[in-house]
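All remarks here apply to the structure that follows.
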Amino acid sequence: MWDYSEKVKEHFFDPKNAGAVENANAIGEVGSISCGDALRLTLRVNESDDVIEDAGFQTFGCGSAIASSSALTEIIKGMTVDDCLKVSNQDIADFLDGLPPEKMHCSVMGREALQAAVANYRGEEWEDDHEEGALICKCFAIDAVMIEDTIRANNLSTVEEVTNYTKAGGGCSSCHEGIEEILESVMAERGEAFNANVKAPVAAPVPTPAAGGMTNLQRIRRIEVVLESMRPTLKADGGDVELVEVAGNTIYVNMIGACSGCQLASATLGGIQQRLMEELGEFIKVVPATQMPQSLKAGG
Amino acid sequence: MSKGIYLDNNATTMVDPKVVDAMLPFFSEQFGNPSSMHSFGNKVGRAIKQARKNIQTLIGAEHDSEIIFTSCGTESDSTAILSALKAQPERKEIITTVVEHPAILTLCDFLEKDGYTVHKLEVDAIGRLDLAKYQSLLSDQVAIVSIMWANNETGTLFPVLEMADMAYKAGVMFHTDAVQAVGKIPVDLQSSKIDMLSISGHKLHAPKGIGVLYLRRGTRFRPLLRGGHQERGRRAGTENAAAIVALGEAAKMAMQFMEHENTYVKGLRDKLEEGILAAVPNSFVTGDPDNRLPNTSNIAFEYIEGEAILMLLNKEGIAASSGSACTSGSLEPSHVMRAMGIPYTAAHGSVRFSFSRYNTEIEVDAVIAAVPKIMAKLRKLSPYWGDNGPVEEPEKAFQPTYA
């Protein structure tokens with residue numbers, strides 16, 4: 001059985017706002033292709049101030065689909081239409097104290113129903129831009145479509161690269177066979193054969209002149225820019241990274257928030273290192289600041 | 001007995017207390033290795049011999065040496081199929097069905113990638129096979145036919161005796177995954193043409209982690225595990241003595257309860273089914289009700305979803321299982337329900353009740369009393385359901401955008 005939080009059980013056993021709202025003027029009807037669940041969201045919006053006065057749901061789905069629907073209606077009641085569109089599927093999951101990775105699509109379905117209802121209220125046509133595939137990486141809830149698209153867009157050819165770009169396979173590693181299969185079929189499209197013995201191509205380490213070409217300050221600024229560009233991904237998981245010191249080809253960073261103490265911190269560091277090497281065009285190492293030699297620490 | 005009403009015996013069964021008693025000494029004083037020359041090992045060896053005899057009796061095998069102990073039903077299935085391919089490298093085809101257990105289907109999908117051709121026989125709306133189609137696929141290119149005896153989800157029985165005859169006439173090896181059938185219905189292998197058969201201990205009140213592969217004498221065989229001389233070199237690895245003894249005891253008890261299973265237990269199942277169908281509108285039995293295991297009932301409840309049903313049943317202390325997508329780790333809807341063409345709005349809400357000899361009539365009455373309220377509660381939440389029944393033309397009234 002799924003390991004549902006108490007909050008999920010509460011919203012399943014005693015759902016809030018079940019049933020259709022009377023005189024609804026915003027209706028969203030969506031289904032999740034991955035499991036067949038479906039949801040009708042009905043809202044009554046005050047047309048003078050755009051505030052959602054009442055929300056109701058009808059769900060054909062599992063425990064977490066019903067709980068997600070209930071949570072969604074609780075979250076959005078009293079919000080303006082503009083504000084409710086800022087509610088993400090992660091907000092729905094957080095409201096429920098989390099969902100199992102296999103069940104995150106239930107919260108996605110909730111968000112899509114909301115978008116569809118708002119579009120209906122505004123007289124617009126809602127189009128879904130989100131395609132879901134079979135769940136491959138259960139540690140990070142990454143599906144096949146996401147992996148395929150990333151491999152295509154970035155011309156990836158190794159499992160390690162897929163992990164660096166999508167995080168898929170960076171946890172328990174039991175999905176590596178599945179990732180290899182996807183690599184095989186996508187690489188076949190571009191006329192290549194997957195070879196498990198090839199290591200991830202390290203951006204041709206231009207031997208030091210790159211460093212010579214940049215002043216120390218320019219180099220550090222460049223590093224900051226790269227870290228900044230990776231921040232949204234880390235923040236999406238509730239983490240962050242900060243630059244502590246650069247000593248030769250070793251870059252010391254602090255993993256913050258959810259990243260600190262995360263079992264995957266080393267995989268994340270590997271991803272950061274990969275990006276920095278590509279951007280700086282030199283061989284560098286990214287090391288947690290906790291491993292920084294005493295001599296480098298300010299004030300000793 | 002634990003609290004609650006356990007109606008999920010096709011998933012696993014309670015180890016019979018007598019079986020537990022029989023196996024316990026083999027964790028302590030009877031710890032010897034059956035292969036050893038001394039008396040420590042000797043007694044264990046004799047106990048295993050007796051267990052083998054009991055299983056031989058349960059499945060009507062001609063020789064006790066046709067019983068090979070394995071670690072589970074899945075190992076028996078893999079051993080059977082891979083052995084047939086290894087022993088007949090010139091044959092590159094396999095015949096099976098679309099409704100097999102993943103122990104067979106996943107292996108077959110994997111073998112397809114290695115260049116084997118897998119023919120998966122389809123089923124009709126109540127889960128029956130087309131034997132004419134089967135006949136047309138049998139040829140000297142086929143290495144093995146693997147057909148389940150009874151379906152785990154619906155309990156529907158396949159005509160494996162007839163199909164084994166047909167395979168025999170075509171000169172093709174025949175395997176059956178009988179993990180749901182053995183112990184529930186009489187099996188007499190010596191009068192059949194079945195070459196290989198898989199058993200799983202925990203489906204018949206023995207513990208988990210023990211299985212059997214029946215291998216007809218003279219069937220060409222290539223072991224999966226090579227090593228020591230255990231099981232006459234056909235399955236190397238030190239015997240799981242305690243579990244083997246337990247399975248022997250469970251096999252003996254299954255023989256004693258065979259008639260009870262097919263009268264009393266079947267009666268309980270029928271009573272539950274009739275009670276639920278009478279009390280819950282828009283519900284129906286899936287599979288072939290006239291030709292199925294005595295302990296299994298699979299009922300589809302339209303317009304609601306199985307996992308939600310199971311969670312509410314569980315709250316009432318009732319354990320069952322579902323073919324809904326959401327109850328499988330993979331989120332794939334039941335391949336058995338899909339194969340029978342059950343509409344999505346019903347397949348999603350299919351619930352399997354599977355009995356054992358430990359169930360009682362009082363339990364059946366309690367479940368019949370609990371189920372209608374649960375279905376009504378969930379239907380109240382369903383977009384397909386109105387105040388007193390399904391909305392008019394449900395599939396048209398609610399047409400969500402699937403993404």
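In the structure tokens, chains take the letters A, B, ... in the order shown, each chain's residues start at 1, and ligands count up from 1 in the order shown.
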Distance table requested - chain A against chain B, cut-off 9 Å, only C-alpha atoms: one row per qualifying residue with the closest atom pair and its distance in Å to one decimal, ordered by chain and rising residue number, as CSV.
residue,atom,partner,partner_atom,distance
A:Met1,CA,B:Thr327,CA,7.5
A:Trp2,CA,B:Thr327,CA,8.2
A:Phe12,CA,B:Ala308,CA,8.3
A:Phe13,CA,B:Leu312,CA,7.7
A:Ala18,CA,B:Leu381,CA,6.1
A:Gly19,CA,B:Leu381,CA,6.0
A:Ala20,CA,B:Pro383,CA,8.7
A:Gly28,CA,B:Pro400,CA,8.2
A:Glu29,CA,B:Pro400,CA,4.6
A:Val30,CA,B:Pro400,CA,4.3
A:Gly31,CA,B:Tyr402,CA,4.3
A:Ser32,CA,B:Ala403,CA,5.3
A:Ile33,CA,B:Ala403,CA,5.3
A:Ser34,CA,B:Leu331,CA,6.8
A:Cys35,CA,B:Ala325,CA,5.5
A:Gly36,CA,B:Ala325,CA,7.5
A:Asp37,CA,B:Glu305,CA,8.1
A:Ala38,CA,B:Pro400,CA,6.7
A:Leu39,CA,B:Pro383,CA,7.2
A:Arg40,CA,B:Pro383,CA,6.5
A:Phe57,CA,B:Leu381,CA,7.6
A:Gln58,CA,B:Pro383,CA,4.9
A:Thr59,CA,B:Ser382,CA,5.0
A:Phe60,CA,B:Ser382,CA,5.1
A:Gly61,CA,B:Glu305,CA,5.1
A:Cys62,CA,B:Ala308,CA,4.8
A:Gly63,CA,B:Ala308,CA,4.8
A:Ser64,CA,B:Ala308,CA,8.5
A:Ile66,CA,B:Ala308,CA,8.3
A:Glu102,CA,B:Gly329,CA,7.6
A:Lys103,CA,B:Cys326,CA,8.4
A:Met109,CA,B:Ala403,CA,8.2
A:Glu112,CA,B:Ala403,CA,8.8
A:Asp128,CA,B:Ala403,CA,6.7
A:Asp129,CA,B:Ala403,CA,8.4
A:His130,CA,B:Ala403,CA,6.7
A:Glu131,CA,B:Ala403,CA,6.2
A:Glu132,CA,B:Ala403,CA,7.0
A:Ala134,CA,B:Ser330,CA,7.9
A:Leu135,CA,B:Ser330,CA,7.4
>> Among segment 54-274 of chain A, which ones does DSSP assign to helix (DSSP H, G or I) (computed from the backbone)? Answer as a VMD selection string.
In response: chain A and resid 63 to 76 81 to 84 89 to 95 101 to 121 144 to 154 159 to 166 176 to 189 209 to 213 216 to 236 265 to 274
> Which residues come within 12 Å of Glu74 of chain A, counting only C-alpha atoms, excluding same-chain residues fewer than 4 positions away, as a list in words?
Replying inline: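 Within the cut-off, the hits are His11, Pro15, Lys16, Asn17, Ala18, Leu43, Ile52, Glu53, Asp54, Ala55, Gly56, Phe57, Ala67, Ser68, Ser69, Ser70, Gly78, Met79, Cys84, Val87, Asp91, Ile92, Phe95, Leu96 and Gly110 of chain A.
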> segment 59-305 of chain B: which residues are strand (DSSP E or B) by DSSP, as a ChimeraX atom specification?
Replying inline: /B:67-70,93-97,117-121,123,129,142-146,150,156-157,173-177,182,185,196-200,211-215,283-285,292,296-301
For the residues selected in the previous step, produce a file with N, CA and C atoms as a compact mmCIF listing (two decimals), in the first residue's frame.
# COMPACT_ATOMS: atom_id res chain seq x y z
N ILE B 67 9.75 -33.52 -8.75
CA ILE B 67 9.53 -32.31 -7.95
C ILE B 67 10.88 -31.63 -7.72
N ILE B 68 11.02 -30.40 -8.18
CA ILE B 68 12.25 -29.63 -7.95
C ILE B 68 11.88 -28.44 -7.07
N PHE B 69 12.53 -28.31 -5.90
CA PHE B 69 12.24 -27.16 -5.05
C PHE B 69 13.00 -25.93 -5.55
N THR B 70 12.28 -24.81 -5.59
CA THR B 70 12.88 -23.54 -6.01
C THR B 70 12.57 -22.51 -4.93
N GLU B 93 10.45 -19.56 -31.00
CA GLU B 93 9.13 -18.99 -30.73
C GLU B 93 8.57 -19.48 -29.39
N ILE B 94 7.76 -18.64 -28.78
CA ILE B 94 7.09 -18.96 -27.51
C ILE B 94 5.62 -18.64 -27.69
N ILE B 95 4.75 -19.50 -27.17
CA ILE B 95 3.31 -19.18 -27.17
C ILE B 95 2.86 -18.98 -25.72
N THR B 96 2.20 -17.88 -25.46
CA THR B 96 1.65 -17.64 -24.12
C THR B 96 0.34 -16.85 -24.28
N THR B 97 -0.14 -16.21 -23.24
CA THR B 97 -1.39 -15.44 -23.35
C THR B 97 -1.17 -14.01 -22.87
N THR B 117 10.43 -14.75 -30.91
CA THR B 117 9.08 -14.31 -31.27
C THR B 117 8.12 -14.85 -30.22
N VAL B 118 7.35 -13.94 -29.62
CA VAL B 118 6.40 -14.35 -28.59
C VAL B 118 4.99 -14.15 -29.12
N HIS B 119 4.23 -15.25 -29.19
CA HIS B 119 2.82 -15.17 -29.58
C HIS B 119 1.99 -15.09 -28.31
N LYS B 120 1.24 -13.99 -28.15
CA LYS B 120 0.40 -13.86 -26.96
C LYS B 120 -1.05 -14.04 -27.37
N LEU B 121 -1.65 -15.15 -26.97
CA LEU B 121 -3.04 -15.42 -27.31
C LEU B 121 -3.95 -14.41 -26.61
N VAL B 123 -7.82 -12.90 -25.36
CA VAL B 123 -8.98 -13.50 -24.70
C VAL B 123 -10.24 -12.74 -25.12
N LEU B 129 -9.88 -18.28 -24.18
CA LEU B 129 -8.94 -18.33 -25.29
C LEU B 129 -9.60 -18.92 -26.54
N VAL B 142 8.26 -23.61 -32.34
CA VAL B 142 7.90 -23.21 -30.98
C VAL B 142 8.68 -24.02 -29.96
N ALA B 143 9.40 -23.32 -29.10
CA ALA B 143 10.18 -23.99 -28.07
C ALA B 143 9.32 -24.39 -26.89
N ILE B 144 8.40 -23.53 -26.51
CA ILE B 144 7.58 -23.82 -25.34
C ILE B 144 6.26 -23.05 -25.38
N VAL B 145 5.22 -23.70 -24.85
CA VAL B 145 3.95 -23.04 -24.62
C VAL B 145 3.84 -22.83 -23.12
N SER B 146 3.49 -21.62 -22.68
CA SER B 146 3.31 -21.37 -21.26
C SER B 146 1.95 -20.71 -21.04
N ALA B 150 -4.91 -21.00 -13.80
CA ALA B 150 -6.01 -20.14 -13.34
C ALA B 150 -5.51 -18.71 -13.28
N THR B 156 -10.45 -17.18 -13.58
CA THR B 156 -10.85 -17.93 -14.78
C THR B 156 -9.84 -19.04 -15.08
N LEU B 157 -10.38 -20.26 -15.35
CA LEU B 157 -9.51 -21.41 -15.63
C LEU B 157 -9.30 -21.54 -17.13
N MET B 173 6.90 -28.50 -26.15
CA MET B 173 6.88 -28.55 -24.68
C MET B 173 5.79 -27.67 -24.13
N PHE B 174 5.18 -28.11 -23.00
CA PHE B 174 4.08 -27.35 -22.42
C PHE B 174 4.35 -27.07 -20.94
N HIS B 175 4.30 -25.78 -20.58
CA HIS B 175 4.46 -25.37 -19.18
C HIS B 175 3.20 -24.66 -18.73
N THR B 176 2.83 -24.85 -17.46
CA THR B 176 1.72 -24.07 -16.93
C THR B 176 2.11 -23.44 -15.60
N ASP B 177 1.80 -22.15 -15.50
CA ASP B 177 1.97 -21.43 -14.24
C ASP B 177 0.70 -21.73 -13.43
N VAL B 182 -3.00 -24.86 -7.90
CA VAL B 182 -2.59 -25.98 -7.04
C VAL B 182 -3.02 -25.72 -5.60
N ILE B 185 -7.82 -26.61 -6.68
CA ILE B 185 -8.59 -27.56 -7.50
C ILE B 185 -7.74 -28.82 -7.69
N MET B 196 5.86 -29.23 -17.63
CA MET B 196 6.39 -28.45 -16.51
C MET B 196 5.26 -27.66 -15.87
N LEU B 197 5.35 -27.47 -14.55
CA LEU B 197 4.29 -26.76 -13.82
C LEU B 197 4.92 -26.02 -12.65
N SER B 198 4.48 -24.78 -12.43
CA SER B 198 5.02 -23.95 -11.34
C SER B 198 4.06 -23.89 -10.17
N ILE B 199 4.63 -23.99 -8.96
CA ILE B 199 3.87 -23.87 -7.71
C ILE B 199 4.53 -22.81 -6.86
N SER B 200 3.71 -22.06 -6.11
CA SER B 200 4.25 -21.09 -5.16
C SER B 200 3.70 -21.43 -3.77
N GLY B 211 9.09 -22.48 -3.63
CA GLY B 211 8.30 -22.82 -4.80
C GLY B 211 8.70 -24.19 -5.30
N VAL B 212 7.98 -24.65 -6.31
CA VAL B 212 8.28 -25.96 -6.91
C VAL B 212 8.20 -25.82 -8.41
N LEU B 213 9.12 -26.49 -9.09
CA LEU B 213 8.95 -26.71 -10.52
C LEU B 213 8.75 -28.21 -10.71
N TYR B 214 7.59 -28.57 -11.23
CA TYR B 214 7.37 -29.96 -11.62
C TYR B 214 8.00 -30.14 -12.99
N LEU B 215 8.80 -31.19 -13.14
CA LEU B 215 9.47 -31.45 -14.41
C LEU B 215 9.24 -32.92 -14.77
N SER B 283 -22.89 -2.92 -10.92
CA SER B 283 -21.73 -3.75 -10.61
C SER B 283 -21.91 -5.08 -11.33
N PHE B 284 -20.81 -5.68 -11.76
CA PHE B 284 -20.91 -6.97 -12.45
C PHE B 284 -19.64 -7.78 -12.26
N VAL B 285 -19.79 -9.12 -12.45
CA VAL B 285 -18.67 -10.04 -12.28
C VAL B 285 -17.82 -10.04 -13.54
N ARG B 292 -14.27 -21.17 -13.10
CA ARG B 292 -13.24 -20.41 -12.37
C ARG B 292 -12.92 -21.08 -11.04
N THR B 296 -12.43 -17.35 -5.84
CA THR B 296 -12.19 -16.00 -6.37
C THR B 296 -13.45 -15.36 -6.93
N SER B 297 -13.66 -14.09 -6.58
CA SER B 297 -14.72 -13.31 -7.20
C SER B 297 -14.14 -11.95 -7.55
N ASN B 298 -14.29 -11.56 -8.82
CA ASN B 298 -13.82 -10.25 -9.23
C ASN B 298 -15.02 -9.44 -9.69
N ILE B 299 -15.30 -8.37 -8.97
CA ILE B 299 -16.49 -7.57 -9.27
C ILE B 299 -16.06 -6.17 -9.69
N ALA B 300 -16.61 -5.70 -10.81
CA ALA B 300 -16.33 -4.34 -11.27
C ALA B 300 -17.44 -3.42 -10.79
N PHE B 301 -17.05 -2.35 -10.12
CA PHE B 301 -18.00 -1.33 -9.67
C PHE B 301 -17.83 -0.13 -10.58
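Atom CA of Ala164 of chain B is found 5.3 Å from atom CA of Lys193 of chain B.
Between His202 of chain B and the residues B:Val245, B:Val98, B:Ala366, B:Ala250, the shortest atom-to-atom distance, using only C-alpha atoms, involves B:Ala250.
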> Which residues, written as a PyMOL selection string, have at least one atom at most 12 Å from Leu183 of chain A, with only C-alpha atoms counted and residues fewer than 2 positions away on the same chain left out?
Replying inline: chain A and resi 144-145+147-152+155-162+176-181+185-196
Near segment 64-66 of chain B, within 7 Å and counting only C-alpha atoms, which residues show up once chain neighbours fewer than 4 positions away are dropped, as a short mmCIF file (atom, residue, chain, number, x, y, z; two decimals) with N, CA and C atoms, in the first residue's frame?
data_model
loop_
_atom_site.label_atom_id
_atom_site.label_comp_id
_atom_site.auth_asym_id
_atom_site.auth_seq_id
_atom_site.Cartn_x
_atom_site.Cartn_y
_atom_site.Cartn_z
N ARG B 52 8.62 -33.94 -0.31
CA ARG B 52 8.56 -34.15 -1.76
C ARG B 52 7.43 -35.12 -2.10
N LYS B 53 7.29 -36.16 -1.26
CA LYS B 53 6.21 -37.15 -1.46
C LYS B 53 4.84 -36.48 -1.37
N GLN B 56 4.17 -34.53 -4.42
CA GLN B 56 3.91 -35.48 -5.51
C GLN B 56 2.45 -35.92 -5.46
N TYR B 214 7.59 -28.57 -11.23
CA TYR B 214 7.37 -29.96 -11.62
C TYR B 214 8.00 -30.14 -12.99
N LEU B 215 8.80 -31.19 -13.14
CA LEU B 215 9.47 -31.45 -14.41
C LEU B 215 9.24 -32.92 -14.77
N ARG B 216 8.40 -33.14 -15.78
CA ARG B 216 8.08 -34.52 -16.19
C ARG B 216 9.36 -35.27 -16.54
N ARG B 217 9.45 -36.51 -16.05
CA ARG B 217 10.63 -37.34 -16.35
C ARG B 217 10.81 -37.42 -17.86
#
> How many Å separate atom CA of Gly270 of chain A from atom CA of Lys285 of chain A?
Replying inline: 8.9 Å
>> Please list as a list in words every residue within 8 Å of segment 246-249 of chain A, counting only C-alpha atoms and excluding residues in the same chain fewer than 5 positions away.
In response: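 My reading of the contact set: Ile220, Phe283, Ile284 and Lys285 of chain A.
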>> Taking 2 positions as the minimum chain separation for residues in the same chain, which residues sit within 8 Å of Gly341 of chain B when counting only C-alpha atoms? Answer as a PyMOL selection string.
In response: chain B and resi 124-125+337-339+343
I need the chosen residues saved as an mmCIF file, in the first residue's frame, with C-alpha atoms.
data_model
loop_
_atom_site.group_PDB
_atom_site.id
_atom_site.type_symbol
_atom_site.label_atom_id
_atom_site.label_comp_id
_atom_site.auth_asym_id
_atom_site.auth_seq_id
_atom_site.Cartn_x
_atom_site.Cartn_y
_atom_site.Cartn_z
ATOM 1 C CA ASP B 124 -12.661 -12.723 -25.257
ATOM 2 C CA ALA B 125 -14.908 -10.547 -23.097
ATOM 3 C CA MET B 337 -9.194 -6.177 -17.484
ATOM 4 C CA ARG B 338 -7.910 -4.396 -20.586
ATOM 5 C CA ALA B 339 -7.503 -7.702 -22.431
ATOM 6 C CA PRO B 343 -14.608 -0.297 -20.243
#
